[in-house]
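Okay, final-v4.cif is below, mmCIF, C-alpha atoms:
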data_start
#
loop_
_atom_site.label_atom_id
_atom_site.label_comp_id
_atom_site.auth_asym_id
_atom_site.auth_seq_id
_atom_site.Cartn_x
_atom_site.Cartn_y
_atom_site.Cartn_z
CA MET P 69 -94.28 122.69 -64.06
CA ASN P 70 -90.74 123.96 -64.40
CA LYS P 71 -87.61 121.83 -64.20
CA ASN P 72 -86.38 123.45 -60.94
CA LYS P 73 -89.65 122.57 -59.17
CA ILE P 74 -89.27 118.87 -60.14
CA ILE P 75 -85.66 118.83 -58.89
CA ASP P 76 -86.71 120.49 -55.61
CA ASP P 77 -89.50 117.90 -55.14
CA LYS P 78 -87.03 115.06 -55.72
CA ARG P 79 -84.64 116.53 -53.13
CA LYS P 80 -87.45 116.82 -50.57
CA HIS P 81 -88.43 113.21 -51.20
CA THR P 82 -84.80 112.09 -50.78
CA GLN P 83 -84.45 114.10 -47.58
CA ILE P 84 -87.62 112.58 -46.14
CA ASN P 85 -86.46 109.05 -46.98
CA GLN P 86 -83.13 109.68 -45.26
CA SER P 87 -84.84 110.84 -42.08
CA LYS P 88 -84.68 108.63 -38.97
CA THR P 89 -88.42 109.11 -38.44
CA LEU P 90 -90.98 106.90 -40.15
CA PRO P 91 -93.56 108.77 -42.23
CA ILE P 92 -96.78 109.39 -40.32
CA ASN P 93 -98.83 107.85 -43.14
CA LEU P 94 -96.97 104.52 -42.99
CA PRO P 95 -99.50 101.77 -42.15
CA LEU P 96 -99.74 100.97 -38.46
CA GLY P 97 -99.09 97.30 -39.26
CA ARG P 98 -95.69 98.18 -40.79
CA ARG P 99 -94.72 100.06 -37.62
CA PHE P 100 -95.71 97.06 -35.51
CA GLY P 101 -93.90 94.74 -37.93
CA ILE P 102 -90.70 96.72 -37.42
CA LEU P 103 -91.24 96.67 -33.67
CA VAL P 104 -91.82 92.89 -33.68
CA ARG P 105 -88.62 92.21 -35.66
CA LEU P 106 -86.51 94.46 -33.43
CA TYR P 107 -88.06 93.15 -30.21
CA TYR P 108 -87.80 89.44 -30.99
CA GLY P 109 -84.32 89.88 -32.44
CA ALA P 110 -83.17 91.40 -29.15
CA LEU P 111 -85.10 88.86 -27.06
CA THR P 112 -83.64 85.85 -28.86
CA LYS P 113 -80.17 87.37 -28.45
CA ARG P 114 -80.77 87.71 -24.69
CA LEU P 115 -81.99 84.10 -24.50
CA GLU P 116 -79.51 82.44 -26.85
CA GLN P 117 -78.21 80.29 -23.96
CA LEU P 118 -81.51 78.35 -24.02
CA ASP P 119 -82.04 75.39 -26.31
CA ILE P 120 -85.12 77.05 -27.81
CA ASP P 121 -85.02 80.15 -29.96
CA ARG P 122 -88.72 81.06 -30.08
CA HIS P 123 -92.19 80.55 -28.58
CA PHE P 124 -91.24 82.00 -25.19
CA SER P 125 -94.66 83.65 -25.03
CA ILE P 126 -96.37 80.23 -25.12
CA LEU P 127 -94.45 79.20 -22.01
CA ILE P 128 -95.37 82.44 -20.24
CA PHE P 129 -98.99 82.01 -21.32
CA LEU P 130 -99.07 78.47 -19.91
CA GLU P 131 -97.49 79.63 -16.68
CA ASN P 132 -100.19 82.31 -16.34
CA ASN P 133 -102.80 79.56 -16.75
CA ASP P 134 -101.52 77.35 -13.93
CA GLY P 135 -99.15 75.51 -16.25
CA THR P 136 -101.83 73.76 -18.25
CA CYS P 137 -104.54 74.41 -20.83
CA ASN P 138 -105.64 72.95 -24.14
CA GLN P 139 -104.17 73.77 -27.55
CA GLN P 140 -107.41 75.35 -28.75
CA PHE P 141 -107.50 77.78 -25.82
CA ILE P 142 -103.91 78.90 -26.50
CA SER P 143 -104.61 79.14 -30.21
CA ASN P 144 -107.74 81.25 -29.74
CA LEU P 145 -106.31 83.71 -27.23
CA LEU P 146 -102.96 84.20 -28.97
CA LYS P 147 -104.51 84.26 -32.47
CA ILE P 148 -102.43 81.34 -33.75
CA ASP P 149 -103.89 79.13 -36.48
CA LYS P 150 -104.34 75.41 -35.69
CA VAL P 151 -101.56 74.16 -37.98
CA SER P 152 -99.04 76.62 -36.57
CA MET P 153 -100.16 75.79 -33.03
CA VAL P 154 -99.49 72.09 -33.62
CA ARG P 155 -96.01 72.92 -34.98
CA ILE P 156 -95.25 75.17 -32.02
CA ILE P 157 -96.31 72.52 -29.51
CA ASP P 158 -94.32 69.86 -31.45
CA TYR P 159 -91.25 72.12 -31.24
CA LEU P 160 -91.68 72.64 -27.47
CA VAL P 161 -92.43 68.94 -26.84
CA LYS P 162 -89.32 67.88 -28.76
CA ARG P 163 -87.21 70.18 -26.57
CA LYS P 164 -89.00 68.96 -23.42
CA TYR P 165 -90.54 72.30 -22.40
CA VAL P 166 -94.13 71.04 -22.60
CA LYS P 167 -95.91 67.74 -22.76
CA ARG P 168 -99.21 66.79 -24.34
CA VAL P 169 -101.69 64.92 -22.21
CA VAL P 170 -104.90 63.49 -23.65
CA ASN P 171 -107.99 64.79 -21.86
CA ILE P 172 -109.65 61.74 -20.28
CA ASP P 173 -113.10 63.35 -20.68
CA ASP P 174 -112.59 64.19 -24.38
CA ARG P 175 -109.90 62.14 -26.09
CA ARG P 176 -109.81 64.55 -29.06
CA GLU P 177 -108.48 67.28 -26.80
CA HIS P 178 -104.88 67.62 -25.67
CA GLN P 179 -103.94 69.43 -22.51
CA ILE P 180 -100.58 71.16 -22.71
CA HIS P 181 -98.52 71.04 -19.52
CA LEU P 182 -95.32 72.86 -18.65
CA THR P 183 -92.48 70.52 -17.75
CA ASN P 184 -90.08 71.00 -14.86
CA LYS P 185 -87.46 72.03 -17.40
CA ALA P 186 -89.71 74.88 -18.58
CA ARG P 187 -90.51 75.93 -15.01
CA LYS P 188 -86.77 76.16 -14.29
CA MET P 189 -86.19 78.29 -17.42
CA LEU P 190 -89.14 80.65 -16.93
CA PRO P 191 -87.29 82.93 -14.45
CA VAL P 192 -84.55 83.38 -17.08
CA ILE P 193 -87.19 84.15 -19.73
CA HIS P 194 -88.99 86.59 -17.43
CA THR P 195 -85.74 88.40 -16.62
CA ALA P 196 -84.96 88.79 -20.33
CA VAL P 197 -88.49 89.96 -21.17
CA ASP P 198 -88.66 92.37 -18.24
CA SER P 199 -85.27 93.93 -18.96
CA LEU P 200 -86.02 94.24 -22.68
CA ASN P 201 -89.42 95.80 -21.92
CA GLU P 202 -87.61 98.36 -19.74
CA VAL P 203 -85.28 99.18 -22.63
CA ALA P 204 -88.14 99.36 -25.14
CA MET P 205 -90.21 101.61 -22.87
CA GLY P 206 -87.31 103.72 -21.64
CA GLY P 207 -88.59 107.13 -20.66
CA PHE P 208 -92.21 105.98 -20.30
CA SER P 209 -93.89 106.66 -16.97
CA PRO P 210 -95.67 103.69 -15.32
CA LYS P 211 -98.98 105.34 -16.27
CA LYS P 212 -97.87 105.65 -19.90
CA VAL P 213 -96.83 101.95 -19.95
CA LYS P 214 -100.21 100.91 -18.53
CA ASN P 215 -101.99 103.08 -21.11
CA LEU P 216 -99.85 101.63 -23.92
CA TYR P 217 -100.93 98.08 -23.06
CA LYS P 218 -104.55 99.23 -22.77
CA ASP P 219 -104.32 101.03 -26.13
CA ILE P 220 -102.79 97.98 -27.83
CA ASP P 221 -105.61 95.83 -26.42
CA THR P 222 -108.09 98.34 -27.88
CA LEU P 223 -106.36 98.16 -31.28
CA ILE P 224 -106.59 94.37 -31.20
CA SER P 225 -110.26 94.49 -30.21
CA ASN P 226 -111.07 97.02 -32.93
CA LEU P 227 -109.34 94.96 -35.62
CA GLU P 228 -110.85 91.64 -34.54
CA ALA P 229 -114.21 92.93 -35.78
CA GLU P 230 -112.82 93.66 -39.26
CA PRO P 231 -113.17 91.16 -42.11
CA ALA P 232 -109.65 89.93 -42.85
CA HIS P 233 -107.57 87.29 -44.56
CA THR P 234 -105.56 84.94 -42.37
CA ILE P 235 -101.93 86.01 -42.33
CA THR P 236 -99.09 83.86 -41.03
CA MET P 237 -95.66 85.08 -40.02
CA LYS P 238 -92.48 83.06 -39.91
CA PHE P 239 -89.50 84.09 -37.83
CA GLU P 240 -85.97 83.02 -38.65
CA ILE P 241 -82.82 83.87 -36.80
CA LYS P 242 -80.06 84.95 -39.16
#
Represent the supplied structure as structure tokens.
Amino acid sequence: MNKNKIIDDKRKHTQINQSKTLPINLPLGRRFGILVRLYYGALTKRLEQLDIDRHFSILIFLENNDGTCNQQFISNLLKIDKVSMVRIIDYLVKRKYVKRVVNIDDRREHQIHLTNKARKMLPVIHTAVDSLNEVAMGGFSPKKVKNLYKDIDTLISNLEAEPAHTITMKFEIK
């Protein structure tokens, strides 16, 4: 291989890396990781007036389940490990967004209930989520948005069947 060919290859590589487009062969998980960081960064900015800076989705999930369900149910559906789930609920209890209630039929189980404080804040959270979703999906037709959610659900379903290590993610606001 001649020296000019090596230099040309290096220039091409540099040009590709300086592009605004992610390489097509980048793992799907990295793309979603970037999306998650950008999305939650913008969402926490929109909700910085609240006295919580994370776990908004837990509150929305509870609201969608009549304001109450057990920790295990939340953990299973949202794919959150038990230890993290306990920490999340502790965080929300401390800030008075949820309360734990022992199940009278099974004292090992805790029901998680939304508090009035959470119910009052949920419209603010919904407004922030809805407006950010509009920004994120700018230019998407309603059909394309519906298909995106369906496709993401398919991706999740496909990957649930794969053998995998448990991965935890920690978010910090900087």
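Considering the residues P:Thr195, P:Gln179, P:Asn184, P:Ser143 and counting all atoms listed in the file, P:Ile156 has its shortest atom-to-atom contact with P:Ser143.
Distance annotation: of P:Gly206, P:Asp121, P:Tyr108, P:Asn138, the residue with the minimal separation from P:Asp174 is P:Asn138; atom set is all atoms listed in the file.
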For this session: Determine the nearest neighbour of P:Ile180 from the options P:Tyr107, P:Phe239, P:Phe100, P:Phe129, counting all atoms listed in the file.
Result: P:Phe129
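Between P:Tyr217 and the residues P:Ala232, P:Asn201, P:Ala110, P:Arg122, the shortest atom-to-atom distance, using all atoms listed in the file, involves P:Asn201.
Between P:Leu118 and the candidates P:Val170, P:Val192, P:Leu160, P:Ile92, the tightest atom-to-atom separation, counting only C-alpha atoms, involves P:Val192.
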For this session: Just say which residues the PyMOL selection byres ((chain P and resi 140) around 10) picks in this file, as a list in words.
Result: Cys137, Asn138, Gln139, Phe141, Ile142, Ser143, Asn144, Leu145, Leu146, Ile148, Asp149, Lys150, Met153, Val154, Glu177, His178 and Gln179 of chain P
Exercise. P:Lys238, P:Thr136, P:Phe208, P:Asp198: which is nearest P:Arg155, counting only C-alpha atoms?
Worked result: P:Lys238
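From atom CA of P:Lys147 back to atom CA of P:Gly101, the distance works out to 15.9 Å.
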For this session: List, as a PyMOL selection string, every residue that the PyMOL selection byres ((chain P and resi 183) around 12) selects in the file provided.
Result: chain P and resi 127+130-131+134-136+160-169+180-182+184-190
Take the residues from that selection and put them in a file with C-alpha atoms, as an mmCIF file, keeping the file's coordinate frame.
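Contents of the output file out39.cif:
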data_model
loop_
_atom_site.group_PDB
_atom_site.id
_atom_site.type_symbol
_atom_site.label_atom_id
_atom_site.label_comp_id
_atom_site.auth_asym_id
_atom_site.auth_seq_id
_atom_site.Cartn_x
_atom_site.Cartn_y
_atom_site.Cartn_z
ATOM 1 C CA LEU P 127 -94.450 79.200 -22.010
ATOM 2 C CA LEU P 130 -99.070 78.470 -19.910
ATOM 3 C CA GLU P 131 -97.490 79.630 -16.680
ATOM 4 C CA ASP P 134 -101.520 77.350 -13.930
ATOM 5 C CA GLY P 135 -99.150 75.510 -16.250
ATOM 6 C CA THR P 136 -101.830 73.760 -18.250
ATOM 7 C CA LEU P 160 -91.680 72.640 -27.470
ATOM 8 C CA VAL P 161 -92.430 68.940 -26.840
ATOM 9 C CA LYS P 162 -89.320 67.880 -28.760
ATOM 10 C CA ARG P 163 -87.210 70.180 -26.570
ATOM 11 C CA LYS P 164 -89.000 68.960 -23.420
ATOM 12 C CA TYR P 165 -90.540 72.300 -22.400
ATOM 13 C CA VAL P 166 -94.130 71.040 -22.600
ATOM 14 C CA LYS P 167 -95.910 67.740 -22.760
ATOM 15 C CA ARG P 168 -99.210 66.790 -24.340
ATOM 16 C CA VAL P 169 -101.690 64.920 -22.210
ATOM 17 C CA ILE P 180 -100.580 71.160 -22.710
ATOM 18 C CA HIS P 181 -98.520 71.040 -19.520
ATOM 19 C CA LEU P 182 -95.320 72.860 -18.650
ATOM 20 C CA ASN P 184 -90.080 71.000 -14.860
ATOM 21 C CA LYS P 185 -87.460 72.030 -17.400
ATOM 22 C CA ALA P 186 -89.710 74.880 -18.580
ATOM 23 C CA ARG P 187 -90.510 75.930 -15.010
ATOM 24 C CA LYS P 188 -86.770 76.160 -14.290
ATOM 25 C CA MET P 189 -86.190 78.290 -17.420
ATOM 26 C CA LEU P 190 -89.140 80.650 -16.930
#
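In this model, the gap between atom CA of P:Ala196 and atom CA of P:Asp219 comes to 23.6 Å.
The coordinates place atom CA of P:Ile102 at 23.6 Å from atom CA of P:Pro231.
Against the coordinates shown, the PyMOL selection byres ((chain P and resi 114) around 9) returns Gly109, Ala110, Leu111, Thr112, Lys113, Leu115, Glu116, Gln117, Ile193, Ala196, Val197 and Leu200 of chain P.
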